[in-house]
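Asks: Structure file work25.cif (mmCIF, C-alpha atoms (C1' of nucleotides)) right here:
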```
data_model
#
loop_
_atom_site.group_PDB
_atom_site.id
_atom_site.type_symbol
_atom_site.label_atom_id
_atom_site.label_comp_id
_atom_site.auth_asym_id
_atom_site.auth_seq_id
_atom_site.Cartn_x
_atom_site.Cartn_y
_atom_site.Cartn_z
ATOM 1 C CA MET A 406 71.390 132.636 96.772
ATOM 2 C CA VAL A 407 73.144 130.643 99.457
ATOM 3 C CA ALA A 408 70.055 128.460 99.769
ATOM 4 C CA GLU A 409 69.993 127.730 96.031
ATOM 5 C CA SER A 410 73.674 126.825 95.920
ATOM 6 C CA LEU A 411 73.318 124.605 98.940
ATOM 7 C CA ALA A 412 70.205 122.879 97.621
ATOM 8 C CA GLU A 413 71.926 122.059 94.360
ATOM 9 C CA TRP A 414 74.957 120.726 96.213
ATOM 10 C CA TRP A 415 72.671 118.719 98.497
ATOM 11 C CA HIS A 416 70.885 116.991 95.643
ATOM 12 C CA GLU A 417 74.185 116.146 93.978
ATOM 13 C CA SER A 418 76.254 114.948 96.886
ATOM 14 C CA ALA A 419 74.211 114.217 100.011
ATOM 15 C CA ARG A 420 75.394 111.087 101.767
ATOM 16 C CA ASP A 421 72.986 108.211 101.265
ATOM 17 C CA LEU A 422 72.207 107.568 104.915
ATOM 18 C CA PRO A 423 69.524 104.912 105.387
ATOM 19 C CA TRP A 424 67.099 107.124 107.324
ATOM 20 C CA ARG A 425 67.141 109.886 104.704
ATOM 21 C CA PHE A 426 64.867 110.644 101.734
ATOM 22 C CA GLY A 427 61.682 109.427 103.388
ATOM 23 C CA ARG A 428 62.873 105.854 103.884
ATOM 24 C CA ALA A 429 62.437 105.785 107.665
ATOM 25 C CA THR A 430 59.422 106.216 109.917
ATOM 26 C CA PRO A 431 59.321 109.214 112.265
ATOM 27 C CA TRP A 432 60.399 106.847 115.052
ATOM 28 C CA GLY A 433 63.318 105.681 112.934
ATOM 29 C CA VAL A 434 64.362 109.284 112.350
ATOM 30 C CA LEU A 435 64.209 109.939 116.086
ATOM 31 C CA VAL A 436 66.383 106.889 116.792
ATOM 32 C CA SER A 437 68.938 108.069 114.243
ATOM 33 C CA GLU A 438 69.083 111.507 115.857
ATOM 34 C CA VAL A 439 69.517 110.128 119.382
ATOM 35 C CA MET A 440 72.277 107.801 118.219
ATOM 36 C CA SER A 441 73.950 110.738 116.459
ATOM 37 C CA GLN A 442 74.181 112.911 119.576
ATOM 38 C CA GLN A 443 77.929 113.443 119.952
ATOM 39 C CA THR A 444 78.631 110.472 117.689
ATOM 40 C CA GLN A 445 79.756 110.501 114.056
ATOM 41 C CA MET A 446 77.179 109.373 111.491
ATOM 42 C CA SER A 447 79.561 106.855 109.931
ATOM 43 C CA ARG A 448 79.644 104.981 113.219
ATOM 44 C CA VAL A 449 75.875 105.216 113.691
ATOM 45 C CA VAL A 450 74.760 103.600 110.422
ATOM 46 C CA PRO A 451 75.403 99.900 111.239
ATOM 47 C CA TYR A 452 74.029 100.287 114.761
ATOM 48 C CA TRP A 453 70.871 101.993 113.470
ATOM 49 C CA GLN A 454 70.232 99.292 110.881
ATOM 50 C CA ALA A 455 70.584 96.444 113.380
ATOM 51 C CA TRP A 456 68.561 98.338 115.987
ATOM 52 C CA MET A 457 65.633 99.112 113.677
ATOM 53 C CA GLU A 458 65.556 95.549 112.394
ATOM 54 C CA ARG A 459 65.376 94.241 115.946
ATOM 55 C CA TRP A 460 63.026 96.932 117.360
ATOM 56 C CA PRO A 461 61.187 98.522 114.408
ATOM 57 C CA ASP A 462 58.933 100.752 116.494
ATOM 58 C CA ALA A 463 58.588 102.269 119.930
ATOM 59 C CA ALA A 464 56.360 99.478 121.214
ATOM 60 C CA ALA A 465 58.958 96.839 120.339
ATOM 61 C CA LEU A 466 61.737 98.741 122.094
ATOM 62 C CA ALA A 467 59.507 99.345 125.103
ATOM 63 C CA ASP A 468 59.189 95.571 125.594
ATOM 64 C CA ALA A 469 62.929 94.815 125.425
ATOM 65 C CA SER A 470 65.005 94.095 128.537
ATOM 66 C CA LYS A 471 67.353 96.804 129.749
ATOM 67 C CA ALA A 472 70.268 94.389 129.446
ATOM 68 C CA ASP A 473 69.476 93.794 125.770
ATOM 69 C CA VAL A 474 69.142 97.533 125.139
ATOM 70 C CA ILE A 475 72.469 98.321 126.810
ATOM 71 C CA THR A 476 74.205 95.474 125.003
ATOM 72 C CA ALA A 477 72.780 96.432 121.600
ATOM 73 C CA TRP A 478 73.974 100.005 122.165
ATOM 74 C CA GLY A 479 77.431 98.458 122.004
ATOM 75 C CA ARG A 480 80.277 100.933 121.754
ATOM 76 C CA LEU A 481 78.286 103.927 120.558
ATOM 77 C CA GLY A 482 79.155 105.716 123.794
ATOM 78 C CA TYR A 483 77.100 107.586 126.398
ATOM 79 C CA PRO A 484 74.990 104.495 127.216
ATOM 80 C CA ARG A 485 72.565 106.578 129.251
ATOM 81 C CA ARG A 486 71.230 107.587 125.848
ATOM 82 C CA ALA A 487 70.132 103.978 125.345
ATOM 83 C CA LEU A 488 68.152 103.888 128.573
ATOM 84 C CA ARG A 489 66.570 107.266 127.867
ATOM 85 C CA LEU A 490 65.643 106.098 124.379
ATOM 86 C CA GLN A 491 63.835 103.124 125.883
ATOM 87 C CA GLU A 492 62.078 105.374 128.413
ATOM 88 C CA CYS A 493 61.092 107.531 125.467
ATOM 89 C CA ALA A 494 59.792 104.444 123.648
ATOM 90 C CA ARG A 495 57.681 103.497 126.656
ATOM 91 C CA MET A 496 56.133 106.959 126.796
ATOM 92 C CA VAL A 497 55.393 106.898 123.077
ATOM 93 C CA ALA A 498 53.906 103.407 123.310
ATOM 94 C CA ASP A 499 51.887 104.033 126.452
ATOM 95 C CA ASP A 500 50.891 107.697 126.201
ATOM 96 C CA TYR A 501 50.691 108.132 122.418
ATOM 97 C CA HIS A 502 49.483 104.707 121.232
ATOM 98 C CA ASP A 503 52.865 104.009 119.615
ATOM 99 C CA ASP A 504 52.453 107.074 117.388
ATOM 100 C CA LEU A 505 55.268 109.603 117.765
ATOM 101 C CA PRO A 506 53.789 113.036 118.628
ATOM 102 C CA ARG A 507 53.902 115.726 115.966
ATOM 103 C CA THR A 508 54.539 118.875 117.983
ATOM 104 C CA TYR A 509 57.812 120.317 119.235
ATOM 105 C CA ASP A 510 56.464 120.758 122.763
ATOM 106 C CA GLU A 511 55.432 117.113 123.050
ATOM 107 C CA LEU A 512 58.692 115.850 121.544
ATOM 108 C CA VAL A 513 60.950 117.975 123.734
ATOM 109 C CA ALA A 514 59.125 116.659 126.808
ATOM 110 C CA LEU A 515 60.223 113.082 126.039
ATOM 111 C CA PRO A 516 63.250 111.590 127.854
ATOM 112 C CA GLY A 517 66.547 112.196 126.053
ATOM 113 C CA ILE A 518 64.940 114.593 123.562
ATOM 114 C CA GLY A 519 66.229 118.149 123.813
ATOM 115 C CA ASP A 520 65.891 121.192 121.600
ATOM 116 C CA TYR A 521 68.071 119.870 118.803
ATOM 117 C CA THR A 522 66.488 116.431 118.518
ATOM 118 C CA ALA A 523 62.931 117.754 118.776
ATOM 119 C CA SER A 524 63.620 120.312 116.053
ATOM 120 C CA ALA A 525 65.362 117.756 113.861
ATOM 121 C CA VAL A 526 62.410 115.358 114.074
ATOM 122 C CA MET A 527 59.956 118.169 113.315
ATOM 123 C CA SER A 528 61.962 119.124 110.230
ATOM 124 C CA PHE A 529 63.315 115.816 108.919
ATOM 125 C CA ALA A 530 60.480 113.466 109.849
ATOM 126 C CA TYR A 531 57.458 115.768 109.569
ATOM 127 C CA GLY A 532 58.649 118.415 107.116
ATOM 128 C CA GLU A 533 57.658 121.279 109.381
ATOM 129 C CA ARG A 534 59.395 124.619 109.018
ATOM 130 C CA ILE A 535 61.561 125.013 112.114
ATOM 131 C CA ALA A 536 65.113 126.206 112.705
ATOM 132 C CA VAL A 537 67.390 123.289 113.631
ATOM 133 C CA ILE A 538 70.357 124.364 115.729
ATOM 134 C CA ASP A 539 73.298 122.056 116.332
ATOM 135 C CA THR A 540 77.050 122.483 116.453
ATOM 136 C CA ASN A 541 77.428 122.138 112.657
ATOM 137 C CA ILE A 542 74.696 124.638 111.837
ATOM 138 C CA ARG A 543 75.988 127.129 114.394
ATOM 139 C CA ARG A 544 79.471 126.946 112.903
ATOM 140 C CA VAL A 545 78.319 127.219 109.272
ATOM 141 C CA LEU A 546 75.838 130.061 109.784
ATOM 142 C CA SER A 547 78.280 132.020 111.906
ATOM 143 C CA ARG A 548 80.992 131.657 109.298
ATOM 144 C CA VAL A 549 78.901 132.310 106.198
ATOM 145 C CA PHE A 550 76.704 135.164 107.482
ATOM 146 C CA LEU A 551 78.796 136.740 110.252
ATOM 147 C CA GLY A 552 82.299 135.935 109.064
ATOM 148 C CA ALA A 553 83.377 134.668 112.458
ATOM 149 C CA GLU A 554 83.683 131.445 114.440
ATOM 150 C CA SER A 555 80.800 130.548 116.765
ATOM 151 C CA ARG A 556 81.516 130.523 120.469
ATOM 152 C CA GLY A 557 81.473 127.594 122.845
ATOM 153 C CA GLY A 558 78.744 126.760 125.290
ATOM 154 C CA ALA A 559 75.013 126.921 124.675
ATOM 155 C CA ALA A 560 73.586 128.528 121.560
ATOM 156 C CA SER A 561 73.199 132.257 122.170
ATOM 157 C CA PRO A 562 69.963 134.159 121.514
ATOM 158 C CA ALA A 563 71.787 135.882 118.660
ATOM 159 C CA GLU A 564 72.630 132.531 117.067
ATOM 160 C CA ARG A 565 69.021 131.424 117.370
ATOM 161 C CA ALA A 566 67.841 134.679 115.861
ATOM 162 C CA LEU A 567 70.241 134.232 112.958
ATOM 163 C CA ALA A 568 69.096 130.666 112.344
ATOM 164 C CA ASN A 569 65.466 131.789 112.269
ATOM 165 C CA ARG A 570 66.227 134.799 110.068
ATOM 166 C CA VAL A 571 67.962 132.814 107.327
ATOM 167 C CA LEU A 572 65.599 129.805 107.385
ATOM 168 C CA PRO A 573 63.874 129.747 103.961
ATOM 169 C CA GLU A 574 60.105 130.069 103.632
ATOM 170 C CA ASP A 575 58.134 127.034 102.429
ATOM 171 C CA SER A 576 55.906 128.826 99.952
ATOM 172 C CA ALA A 577 55.677 125.909 97.518
ATOM 173 C CA ALA A 578 53.171 123.700 99.311
ATOM 174 C CA ARG A 579 53.301 121.147 96.505
ATOM 175 C CA CYS A 580 56.707 119.962 97.657
ATOM 176 C CA ARG A 581 56.839 116.706 99.542
ATOM 177 C CA GLY A 582 57.919 116.900 103.159
ATOM 178 C CA PHE A 583 61.607 116.250 102.824
ATOM 179 C CA ASP A 584 61.866 118.361 99.656
ATOM 180 C CA ARG A 585 60.603 121.540 101.296
ATOM 181 C CA PRO A 586 63.052 124.426 101.218
ATOM 182 C CA SER A 587 63.335 124.719 104.995
ATOM 183 C CA VAL A 588 64.017 120.992 105.331
ATOM 184 C CA VAL A 589 66.609 120.946 102.542
ATOM 185 C CA TRP A 590 68.163 124.013 104.145
ATOM 186 C CA ASN A 591 68.484 122.400 107.564
ATOM 187 C CA GLN A 592 69.835 119.156 106.144
ATOM 188 C CA SER A 593 72.243 120.782 103.716
ATOM 189 C CA VAL A 594 73.678 123.298 106.190
ATOM 190 C CA MET A 595 74.272 120.449 108.630
ATOM 191 C CA GLU A 596 75.770 118.277 105.905
ATOM 192 C CA LEU A 597 78.035 121.100 104.788
ATOM 193 C CA GLY A 598 79.297 121.471 108.335
ATOM 194 C CA ALA A 599 79.929 117.740 108.554
ATOM 195 C CA VAL A 600 81.819 117.201 105.302
ATOM 196 C CA ILE A 601 83.066 120.582 103.985
ATOM 197 C CA CYS A 602 82.847 123.358 106.560
ATOM 198 C CA THR A 603 84.523 121.335 109.303
ATOM 199 C CA ALA A 604 85.838 122.814 112.519
ATOM 200 C CA LYS A 605 89.584 122.424 112.053
ATOM 201 C CA SER A 606 90.334 122.346 108.336
ATOM 202 C CA PRO A 607 87.381 123.426 106.173
ATOM 203 C CA LEU A 608 87.613 122.510 102.486
ATOM 204 C CA CYS A 609 86.787 125.987 101.225
ATOM 205 C CA GLU A 610 88.023 125.198 97.724
ATOM 206 C CA GLN A 611 85.250 122.596 97.441
ATOM 207 C CA CYS A 612 82.558 124.660 99.138
ATOM 208 C CA PRO A 613 79.401 125.422 97.127
ATOM 209 C CA VAL A 614 78.891 128.740 98.955
ATOM 210 C CA ALA A 615 82.502 129.904 99.027
ATOM 211 C CA ALA A 616 81.680 132.901 96.812
ATOM 212 C CA GLU A 617 79.134 134.138 99.370
ATOM 213 C CA CYS A 618 80.969 133.253 102.564
ATOM 214 C CA MET A 619 81.961 136.170 104.816
ATOM 215 C CA PHE A 620 84.359 133.957 106.749
ATOM 216 C CA LEU A 621 86.353 133.167 103.623
ATOM 217 C CA ALA A 622 86.142 136.777 102.465
ATOM 218 C CA ASN A 623 87.551 137.892 105.805
ATOM 219 C CA GLY A 624 90.514 135.551 105.457
ATOM 220 C CA ARG A 625 89.077 132.912 107.829
ATOM 221 C CA PRO A 626 89.888 134.845 111.042
ATOM 222 C CA GLY A 627 90.616 132.724 114.086
ATOM 223 C CA LEU A 628 90.202 129.405 112.265
ATOM 224 C CA GLY A 629 90.501 126.540 114.733
ATOM 225 C CA GLU A 630 91.363 128.980 117.475
ATOM 226 C CA ARG A 631 88.269 128.606 119.585
ATOM 227 C CA ARG A 632 86.692 125.306 120.474
ATOM 228 C CA THR A 633 82.966 124.819 120.056
ATOM 229 C CA ARG A 634 82.848 123.168 123.472
ATOM 230 C CA PRO A 635 85.030 123.169 126.589
ATOM 231 C CA HIS A 636 87.690 120.519 126.364
ATOM 232 C CA GLN A 637 86.977 117.263 128.203
ATOM 233 C CA ARG A 638 89.705 114.742 128.837
ATOM 234 C CA PHE A 639 88.963 111.057 128.902
ATOM 235 C CA ARG A 640 91.971 109.087 130.089
ATOM 236 C CA GLY A 641 91.745 108.330 133.796
ATOM 237 C CA THR A 642 88.316 109.876 134.230
ATOM 238 C CA ASP A 643 85.195 108.329 135.653
ATOM 239 C CA ARG A 644 83.889 108.050 132.126
ATOM 240 C CA GLN A 645 86.718 105.694 131.203
ATOM 241 C CA VAL A 646 86.193 103.584 134.331
ATOM 242 C CA ARG A 647 82.438 103.427 133.785
ATOM 243 C CA GLY A 648 83.085 102.350 130.231
ATOM 244 C CA LEU A 649 85.421 99.563 131.357
ATOM 245 C CA VAL A 650 82.819 98.167 133.751
ATOM 246 C CA LEU A 651 80.000 98.310 131.221
ATOM 247 C CA ASN A 652 82.158 96.846 128.484
ATOM 248 C CA ALA A 653 83.042 93.901 130.730
ATOM 249 C CA LEU A 654 79.355 93.265 131.394
ATOM 250 C CA ARG A 655 78.447 93.570 127.707
ATOM 251 C CA GLY A 656 81.161 91.113 126.807
ATOM 252 C CA LEU A 657 80.044 88.279 129.074
ATOM 253 C CA PRO A 658 79.411 85.010 127.212
ATOM 254 C CA ASP A 659 75.834 83.779 126.951
ATOM 255 C CA GLY A 660 74.727 82.231 130.193
ATOM 256 C CA ARG A 661 76.945 84.342 132.401
ATOM 257 C CA ILE A 662 75.069 87.296 133.846
ATOM 258 C CA ALA A 663 77.128 88.763 136.676
ATOM 259 C CA ILE A 664 80.748 89.678 137.395
ATOM 260 C CA ASP A 665 82.005 88.983 140.904
ATOM 261 C CA ARG A 666 83.854 91.437 143.093
ATOM 262 C CA LYS A 667 87.307 90.030 142.408
ATOM 263 C CA ASP A 668 86.965 90.377 138.650
ATOM 264 C CA ILE A 669 85.514 93.856 139.019
ATOM 265 C CA GLU A 670 88.519 94.944 141.065
ATOM 266 C CA ALA A 671 90.807 93.656 138.329
ATOM 267 C CA LEU A 672 89.363 96.249 135.942
ATOM 268 C CA TRP A 673 90.834 99.336 137.651
ATOM 269 C CA SER A 674 93.500 99.681 140.305
ATOM 270 C CA ASP A 675 92.038 102.715 142.067
ATOM 271 C CA HIS A 676 89.252 100.990 143.988
ATOM 272 C CA ILE A 677 87.993 104.227 145.499
ATOM 273 C CA GLN A 678 87.295 105.589 142.032
ATOM 274 C CA LEU A 679 86.027 102.203 140.899
ATOM 275 C CA ASP A 680 83.445 102.044 143.682
ATOM 276 C CA LYS A 681 82.372 105.593 142.956
ATOM 277 C CA CYS A 682 81.812 104.688 139.331
ATOM 278 C CA ILE A 683 79.919 101.510 140.159
ATOM 279 C CA ALA A 684 77.666 103.525 142.433
ATOM 280 C CA SER A 685 77.051 106.091 139.712
ATOM 281 C CA LEU A 686 76.311 103.381 137.147
ATOM 282 C CA ASP A 687 73.828 101.921 139.621
ATOM 283 C CA ASP A 688 72.292 105.360 140.130
ATOM 284 C CA ASP A 689 71.895 105.714 136.392
ATOM 285 C CA GLY A 690 70.182 102.326 136.156
ATOM 286 C CA LEU A 691 72.911 100.983 133.900
ATOM 287 C CA ILE A 692 73.951 98.210 136.319
ATOM 288 C CA GLU A 693 72.643 96.497 139.442
ATOM 289 C CA MET A 694 74.753 95.903 142.567
ATOM 290 C CA LEU A 695 74.148 92.585 144.283
ATOM 291 C CA PRO A 696 74.567 91.975 148.034
ATOM 292 C CA ASP A 697 77.631 89.753 147.498
ATOM 293 C CA GLY A 698 79.498 92.597 145.759
ATOM 294 C CA SER A 699 79.000 91.381 142.208
ATOM 295 C CA VAL A 700 77.402 93.521 139.513
ATOM 296 C CA ARG A 701 75.149 92.732 136.574
ATOM 297 C CA LEU A 702 73.198 94.431 133.807
ATOM 298 C CA PRO A 703 69.615 95.310 134.806
ATOM 299 C CA CYS A 704 66.679 93.200 133.634
ATOM 300 C "C1'" DA B 1159 79.334 124.933 134.079
ATOM 301 C "C1'" DT B 1160 79.939 119.784 134.430
ATOM 302 C "C1'" DC B 1161 79.201 115.354 133.677
ATOM 303 C "C1'" DC B 1162 78.443 111.626 130.532
ATOM 304 C "C1'" DG B 1163 81.874 107.171 125.905
ATOM 305 C "C1'" DG B 1164 84.284 105.760 122.390
ATOM 306 C "C1'" DT B 1165 86.103 106.487 117.747
ATOM 307 C "C1'" DT B 1166 88.189 109.093 114.210
ATOM 308 C "C1'" DA B 1167 91.184 112.450 111.891
ATOM 309 C "C1'" DC B 1168 94.689 115.442 111.961
ATOM 310 C "C1'" DG C 620 98.593 113.027 121.738
ATOM 311 C "C1'" DT C 621 94.449 115.772 121.143
ATOM 312 C "C1'" DA C 622 90.469 118.096 119.293
ATOM 313 C "C1'" DA C 623 86.213 117.040 117.570
ATOM 314 C "C1'" DC C 624 82.053 114.681 117.220
ATOM 315 C "C1'" DA C 625 73.816 115.660 114.030
ATOM 316 C "C1'" DG C 626 73.566 116.874 122.602
ATOM 317 C "C1'" DG C 627 71.009 116.257 126.943
ATOM 318 C "C1'" DA C 628 70.390 116.448 131.874
ATOM 319 C "C1'" DT C 629 71.672 118.333 136.156
#
```
Represent the structure contained in this file as structure tokens.
Replies:
Amino acid sequence: MVAESLAEWWHESARDLPWRFGRATPWGVLVSEVMSQQTQMSRVVPYWQAWMERWPDAAALADASKADVITAWGRLGYPRRALRLQECARMVADDYHDDLPRTYDELVALPGIGDYTASAVMSFAYGERIAVIDTNIRRVLSRVFLGAESRGGAASPAERALANRVLPEDSAARCRGFDRPSVVWNQSVMELGAVICTAKSPLCEQCPVAAECMFLANGRPGLGERRTRPHQRFRGTDRQVRGLVLNALRGLPDGRIAIDRKDIEALWSDHIQLDKCIASLDDDGLIEMLPDGSVRLPC
DNA sequence: ATCCGGTTAC
DNA sequence: GTAACAGGAT
């Protein structure tokens, strides 16, 4: 019943994202999922389109320079994702003849691909029946079927069991991959969590499964009371400083490659923290430290 | 349990 | 100002 309501809602009002409805290759779907890790879809769309035009497949991305990859990642955030995506592309190109593997175990073994992304590719790119578990799906399933908010931290065994229990069967083999019930279920539950069943202020009056939702029936207990993740500040942290350094390097005009020590020091007054961040960026392979104290993007 | 960006929405 | 965001690696 919930599945039918959601499927109808999905076909009426799913956002027309460019990698949906069979318009992207499996590699393109994987790129969209990696870009979407902790980043809103609306911000991902233009980056994904430019990225796929420039590097249409894993082999193309594998041949790019690190500096180009980091620069093209732009302000999507968490730039280590960009390097891991290129490492992933190299493994796909070298070890799988540029053909993305089709099993969960092979996908989850790739750099930057965890449980969520591997499951999402299996479902959305290959049409396989598999429970996809992300923050949206955890919140929606917990609300609709348990009548309570999901807890922070990693997905619990109980949440995984619930996701597997309510995942529809794909009995109609005639359906095309992305029209299979399990795939529509995964996509529509996630979409509902993104646009209707949001964390802070869910739009229950617009919800297609409001009549069957235990959370709404219970009077939405503890709404917005418990975060899905531990709170992380940003201002003044290493993440902000790392971002300042990388942004300065990304913004260099053509022809200029490095930033000298004096200009680096102008980015952040606490030079102890600054040096710590430069060292960590170097460790991550996001920058290179030169003997004269200047820094540059890696080749 | 922590670290890792940057933007958006409230 | 702050929580939240299609997570992953350590």
Asks: Wanna dump the chain C-chain B contacts at 9 Å for me, each residue with its shortest atom pair and the distance in Å to one decimal, counting all atoms listed in the file, ordered by chain and number, as a tab-separated table?
Replies:
```
residue	atom	partner	partner_atom	distance
C:DA622	C1'	B:DC1168	C1'	8.9
C:DA623	C1'	B:DA1167	C1'	8.8
C:DC624	C1'	B:DT1166	C1'	8.8
C:DT629	C1'	B:DC1161	C1'	8.5
```
Asks: How close does each residue of chain A get to chain C, giving the shortest atom pair and distance in Å to one decimal for every residue with an atom at most 7 Å away, counting all atoms listed in the file, sorted by chain and residue number, as a Markdown table?
Replies:
```
| residue | atom | partner | partner_atom | distance |
| --- | --- | --- | --- | --- |
| A:Glu438 | CA | C:DA625 | C1' | 6.6 |
| A:Ser441 | CA | C:DA625 | C1' | 5.5 |
| A:Gln442 | CA | C:DG626 | C1' | 5.0 |
| A:Gln443 | CA | C:DC624 | C1' | 5.1 |
| A:Thr444 | CA | C:DC624 | C1' | 5.4 |
| A:Gln445 | CA | C:DC624 | C1' | 5.7 |
| A:Gly517 | CA | C:DG627 | C1' | 6.1 |
| A:Gly519 | CA | C:DG627 | C1' | 6.0 |
| A:Asp539 | CA | C:DA625 | C1' | 6.8 |
```
Asks: Just the number, please: distance in Å from CA of Ala566 in chain A to CA of Asn623 in chain A, one decimal.
Replies: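 Between CA of Ala566 in chain A and CA of Asn623 in chain A the gap works out to 22.4 Å.
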Asks: Could you please select, counting all atoms listed in the file, the residues of chain A within 8 Å of chain B and state them as number ranges by chain?
Replies: A: 480-485, 644-645, 648
Asks: When you draw a straight line from CA of Ala553 in chain A to CA of Thr540 in chain A, how long is it in Å?
Replies: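 For CA of Ala553 in chain A relative to CA of Thr540 in chain A, the distance reads 14.3 Å.
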Asks: Choose the residue, out of A:Ser576, A:Asn541, A:Thr430, A:Ser524, that has the smallest atom-to-atom separation from Val600 in chain A; count only C-alpha atoms.
Replies: A:Asn541
Asks: Please determine an axis-aligned box that encloses all atoms of chain B listed in the file, with 6 Å added on each side, and express its centre and edge lengths in Å to one decimal as lines of an AutoDock Vina configuration file.
Replies:
```
center_x = 86.6
center_y = 115.3
center_z = 123.2
size_x = 28.2
size_y = 31.2
size_z = 34.5
```
Asks: From the set A:Gly656, A:Pro696, A:Pro573, A:Pro461, which residue has the shortest atom-to-atom contact distance to Asn591 in chain A, counting only C-alpha atoms?
Replies: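 So, comparing all the options, the nearest one is A:Pro573.
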Asks: Enumerate, as a PyMOL selection string, the residues matched when the PyMOL selection byres ((chain A and resi 515) around 12) is run on the file above.
Replies: (chain A and resi 435+439+489-498+500-501+505-506+508-514+516-520+522-523) or (chain C and resi 627)
Asks: Interatomic distance between CA of Arg625 in chain A and CA of Leu567 in chain A?
Replies: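 Interatomic distance, CA of Arg625 in chain A to CA of Leu567 in chain A: 19.6 Å.
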Asks: Nearest to His636 in chain A among A:Glu693, A:Ala604, A:Ala599, A:Gly558, with distances taken over all atoms listed in the file: which residue is it?
Replies: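 Between A:Glu693, A:Ala604, A:Ala599, A:Gly558, the residue approaching His636 in chain A most closely is A:Gly558.
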Asks: Selected by the PyMOL selection byres ((chain A and resi 413) around 12) in the shown coordinates: which residues, as a list of chain:residue names?
Replies: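 Against this file, the PyMOL selection byres ((chain A and resi 413) around 12) returns the residues A:Met406, A:Val407, A:Ala408, A:Glu409, A:Ser410, A:Leu411, A:Ala412, A:Trp414, A:Trp415, A:His416, A:Glu417, A:Ser418, A:Ala419, A:Asp584, A:Pro586, A:Val589, A:Trp590, A:Ser593, A:Cys612, A:Pro613, A:Val614.
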Asks: Using all atoms listed in the file, give me every residue within 12 Å of (59.8, 131.3, 110.0) in file coordinates, as a list in words.
Replies: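 I get Glu533, Arg534, Ile535, Ala536, Val537, Arg565, Ala566, Leu567, Ala568, Asn569, Arg570, Val571, Leu572, Pro573, Glu574, Asp575, Ser576, Pro586 and Ser587 of chain A for the residues within 12 Å of that point.
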Asks: Starting from the point (67.9, 97.4, 117.5), work out which residues of protein, DNA or RNA have an atom no more than 12 Å away when counting all atoms listed in the file; state them as a PDB file with C-alpha atoms, in the frame of the given file.
Replies:
```pdb
ATOM      1  CA  GLY A 433      63.318 105.681 112.934  1.00  0.00           C
ATOM      2  CA  VAL A 436      66.383 106.889 116.792  1.00  0.00           C
ATOM      3  CA  SER A 437      68.938 108.069 114.243  1.00  0.00           C
ATOM      4  CA  MET A 440      72.277 107.801 118.219  1.00  0.00           C
ATOM      5  CA  VAL A 449      75.875 105.216 113.691  1.00  0.00           C
ATOM      6  CA  VAL A 450      74.760 103.600 110.422  1.00  0.00           C
ATOM      7  CA  PRO A 451      75.403  99.900 111.239  1.00  0.00           C
ATOM      8  CA  TYR A 452      74.029 100.287 114.761  1.00  0.00           C
ATOM      9  CA  TRP A 453      70.871 101.993 113.470  1.00  0.00           C
ATOM     10  CA  GLN A 454      70.232  99.292 110.881  1.00  0.00           C
ATOM     11  CA  ALA A 455      70.584  96.444 113.380  1.00  0.00           C
ATOM     12  CA  TRP A 456      68.561  98.338 115.987  1.00  0.00           C
ATOM     13  CA  MET A 457      65.633  99.112 113.677  1.00  0.00           C
ATOM     14  CA  GLU A 458      65.556  95.549 112.394  1.00  0.00           C
ATOM     15  CA  ARG A 459      65.376  94.241 115.946  1.00  0.00           C
ATOM     16  CA  TRP A 460      63.026  96.932 117.360  1.00  0.00           C
ATOM     17  CA  PRO A 461      61.187  98.522 114.408  1.00  0.00           C
ATOM     18  CA  ASP A 462      58.933 100.752 116.494  1.00  0.00           C
ATOM     19  CA  ALA A 463      58.588 102.269 119.930  1.00  0.00           C
ATOM     20  CA  ALA A 465      58.958  96.839 120.339  1.00  0.00           C
ATOM     21  CA  LEU A 466      61.737  98.741 122.094  1.00  0.00           C
ATOM     22  CA  ALA A 467      59.507  99.345 125.103  1.00  0.00           C
ATOM     23  CA  ALA A 469      62.929  94.815 125.425  1.00  0.00           C
ATOM     24  CA  SER A 470      65.005  94.095 128.537  1.00  0.00           C
ATOM     25  CA  ASP A 473      69.476  93.794 125.770  1.00  0.00           C
ATOM     26  CA  VAL A 474      69.142  97.533 125.139  1.00  0.00           C
ATOM     27  CA  ILE A 475      72.469  98.321 126.810  1.00  0.00           C
ATOM     28  CA  THR A 476      74.205  95.474 125.003  1.00  0.00           C
ATOM     29  CA  ALA A 477      72.780  96.432 121.600  1.00  0.00           C
ATOM     30  CA  TRP A 478      73.974 100.005 122.165  1.00  0.00           C
ATOM     31  CA  GLY A 479      77.431  98.458 122.004  1.00  0.00           C
ATOM     32  CA  ALA A 487      70.132 103.978 125.345  1.00  0.00           C
ATOM     33  CA  LEU A 490      65.643 106.098 124.379  1.00  0.00           C
ATOM     34  CA  GLN A 491      63.835 103.124 125.883  1.00  0.00           C
TER      35      GLN A 491
END
```
